[in-house]
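Peer 1: Have a look at the structure that comes next, please.
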Amino acid sequence: MRALPPQAAPVLVGARQAWRVAAALLAAAGVIFWLGRCTDIDLMLADALYDPGVHAFPWRHAWLTDTFSHVILKGLLSAAAAGVVLAALLDAWRARRMRDSRDPLARLRLRVVALSALLVPLVISALKQASIAHCPWDLARYGGTEPYLRLFDALPFGVPPGHCLPAGHASSALWLVSLCVYWLPLRTRMAGRVAAAALAFGGAVGWMQQLRGAHFLTHTLWSTWIACAIVLALVLVLQWQPLRRLHPLLEEGDTVDEAA
């Protein structure tokens, strides 16, 4: 008979589910790469939004896309992210100093969401600063001066990097996909609906920037992909830590039982 550990380690995603999500992400990366590298969908959408008569994107300075989406909504989402991070820090302090007996699964969920709120915007911003791609409104095609570059194209001599891929503004909302963990591990379908709703919301925020000429479609799609990859990685890493600590207990329990 195998001895049970004093407390089971919290698990949000099983190995089979993790492999399925990872495979879906790998397939999605291939599709996004193909869209940006082998099709003109970015240019087609930007062409439809650009007004050659006035040599500008009409939505660039609209209240909805500029003031509301880029300032007000982003501020609210950033405040929400800061609140979640603060709550996780307080929870960690209480767990260490006060020996709070909070449900370990609830604590794991909070840490996944808090780290997602922190890392999704930071990682996307860092990748954006390292990229050479230019925003639509900077391109000669749309009244700017720079050339259009696809992913992995070489930067022409004398042309400054554009720092525009992936979409940074969408990341202020895309961390919300991590909220799906509050329905894991039991209500997986509901978790999927929550994740889809969060991604749709983040996509809408990204679309606001596309209307302004600030990003192409694939810029937003890559941000969406990165956010999902970060959340999956956080879930696996954070739930793996307590499982690793529990492993010696399981081995010790097996040894005792076999000796008996």
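Labeling convention for the structure tokens: chains A, B, ... as they appear, residues from 1 per chain, ligands from 1 in order of appearance.
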Where does DSSP see alpha helix (DSSP H) in range 4-98 of chain A, if you list the residues as a count of residues only?
Peer 2: 57
Peer 1: Restricting the calculation to only C-alpha atoms, which member of A:Pro104, A:Pro121, A:Pro147, A:Gly83 is positioned closest to Val159 in chain A?
Peer 2: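 The shortest atom-to-atom distance to Val159 in chain A comes from A:Pro147.
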Peer 1: Would you tabulate, counting only C-alpha atoms, all residues of range 13-127 of chain A that have an atom at most 7 Å from an atom of range 207-228 of chain A, showing the closest pair of atoms and their distance in Å to one decimal, sorted by chain then ascending number, as a tab-separated table?
Peer 2:
residue	atom	partner	partner_atom	distance
A:Ile32	CA	A:Thr218	CA	6.6
A:Gly36	CA	A:Thr218	CA	6.1
A:Asp42	CA	A:Phe216	CA	5.4
A:Ala46	CA	A:Phe216	CA	7.0
A:Leu49	CA	A:Leu211	CA	6.3
A:Phe57	CA	A:Arg212	CA	5.9
A:Trp59	CA	A:Arg212	CA	4.9
A:Arg60	CA	A:Arg212	CA	3.8
A:Thr65	CA	A:Met208	CA	5.4
A:Ser69	CA	A:Met208	CA	7.0
A:Val120	CA	A:Ala227	CA	5.6
A:Ile124	CA	A:Ser223	CA	6.6
Peer 1: Could you state the separation of CA of Leu110 in chain A and CA of Ala88 in chain A in Å, given to one decimal place?
Peer 2: 6.2 Å
Peer 1: Which one of A:Val112, A:Ala204, A:Ala92, A:Leu43 sits closest to Leu236 in chain A if you count only C-alpha atoms?
Peer 2: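 The answer is A:Val112, which sits nearest to Leu236 in chain A.
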Peer 1: For the atom pair CA of Val11 in chain A and CA of Ala114 in chain A, what is the interatomic distance in Å to one decimal place?
Peer 2: 17.3 Å
Peer 1: I'd like the neighbourhood of Leu105 in chain A as an MDAnalysis selection string, where a residue qualifies if any of its atoms comes within 7 Å (using only C-alpha atoms), though same-chain residues fewer than 3 positions away should be ignored.
Peer 2: chainID A and resid 10 108:109
Peer 1: Would you compute the distance between CA of Pro160 in chain A and CA of Ala130 in chain A? Give it in Å to one decimal.
Peer 2: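 Atom-to-atom, CA of Pro160 in chain A to CA of Ala130 in chain A, that is 11.9 Å.
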Peer 1: Excluding same-chain residues fewer than 3 positions from Leu238 in chain A, what lies within 9 Å of it counting only C-alpha atoms, as a PDB file with C-alpha atoms, in the first residue's frame?
Peer 2:
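Output file around.pdb follows:
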ATOM      1  CA  LEU A 108      -1.059  28.871  -7.565  1.00  0.00           C
ATOM      2  CA  ARG A 111       0.622  33.620  -8.897  1.00  0.00           C
ATOM      3  CA  VAL A 112       0.033  32.525 -12.490  1.00  0.00           C
ATOM      4  CA  ALA A 233       4.984  28.173 -19.429  1.00  0.00           C
ATOM      5  CA  LEU A 234       4.076  29.813 -16.128  1.00  0.00           C
ATOM      6  CA  VAL A 235       1.461  27.185 -15.333  1.00  0.00           C
ATOM      7  CA  GLN A 241       7.944  23.330  -8.286  1.00  0.00           C
ATOM      8  CA  PRO A 242       5.683  21.855  -5.574  1.00  0.00           C
TER       9      PRO A 242
END
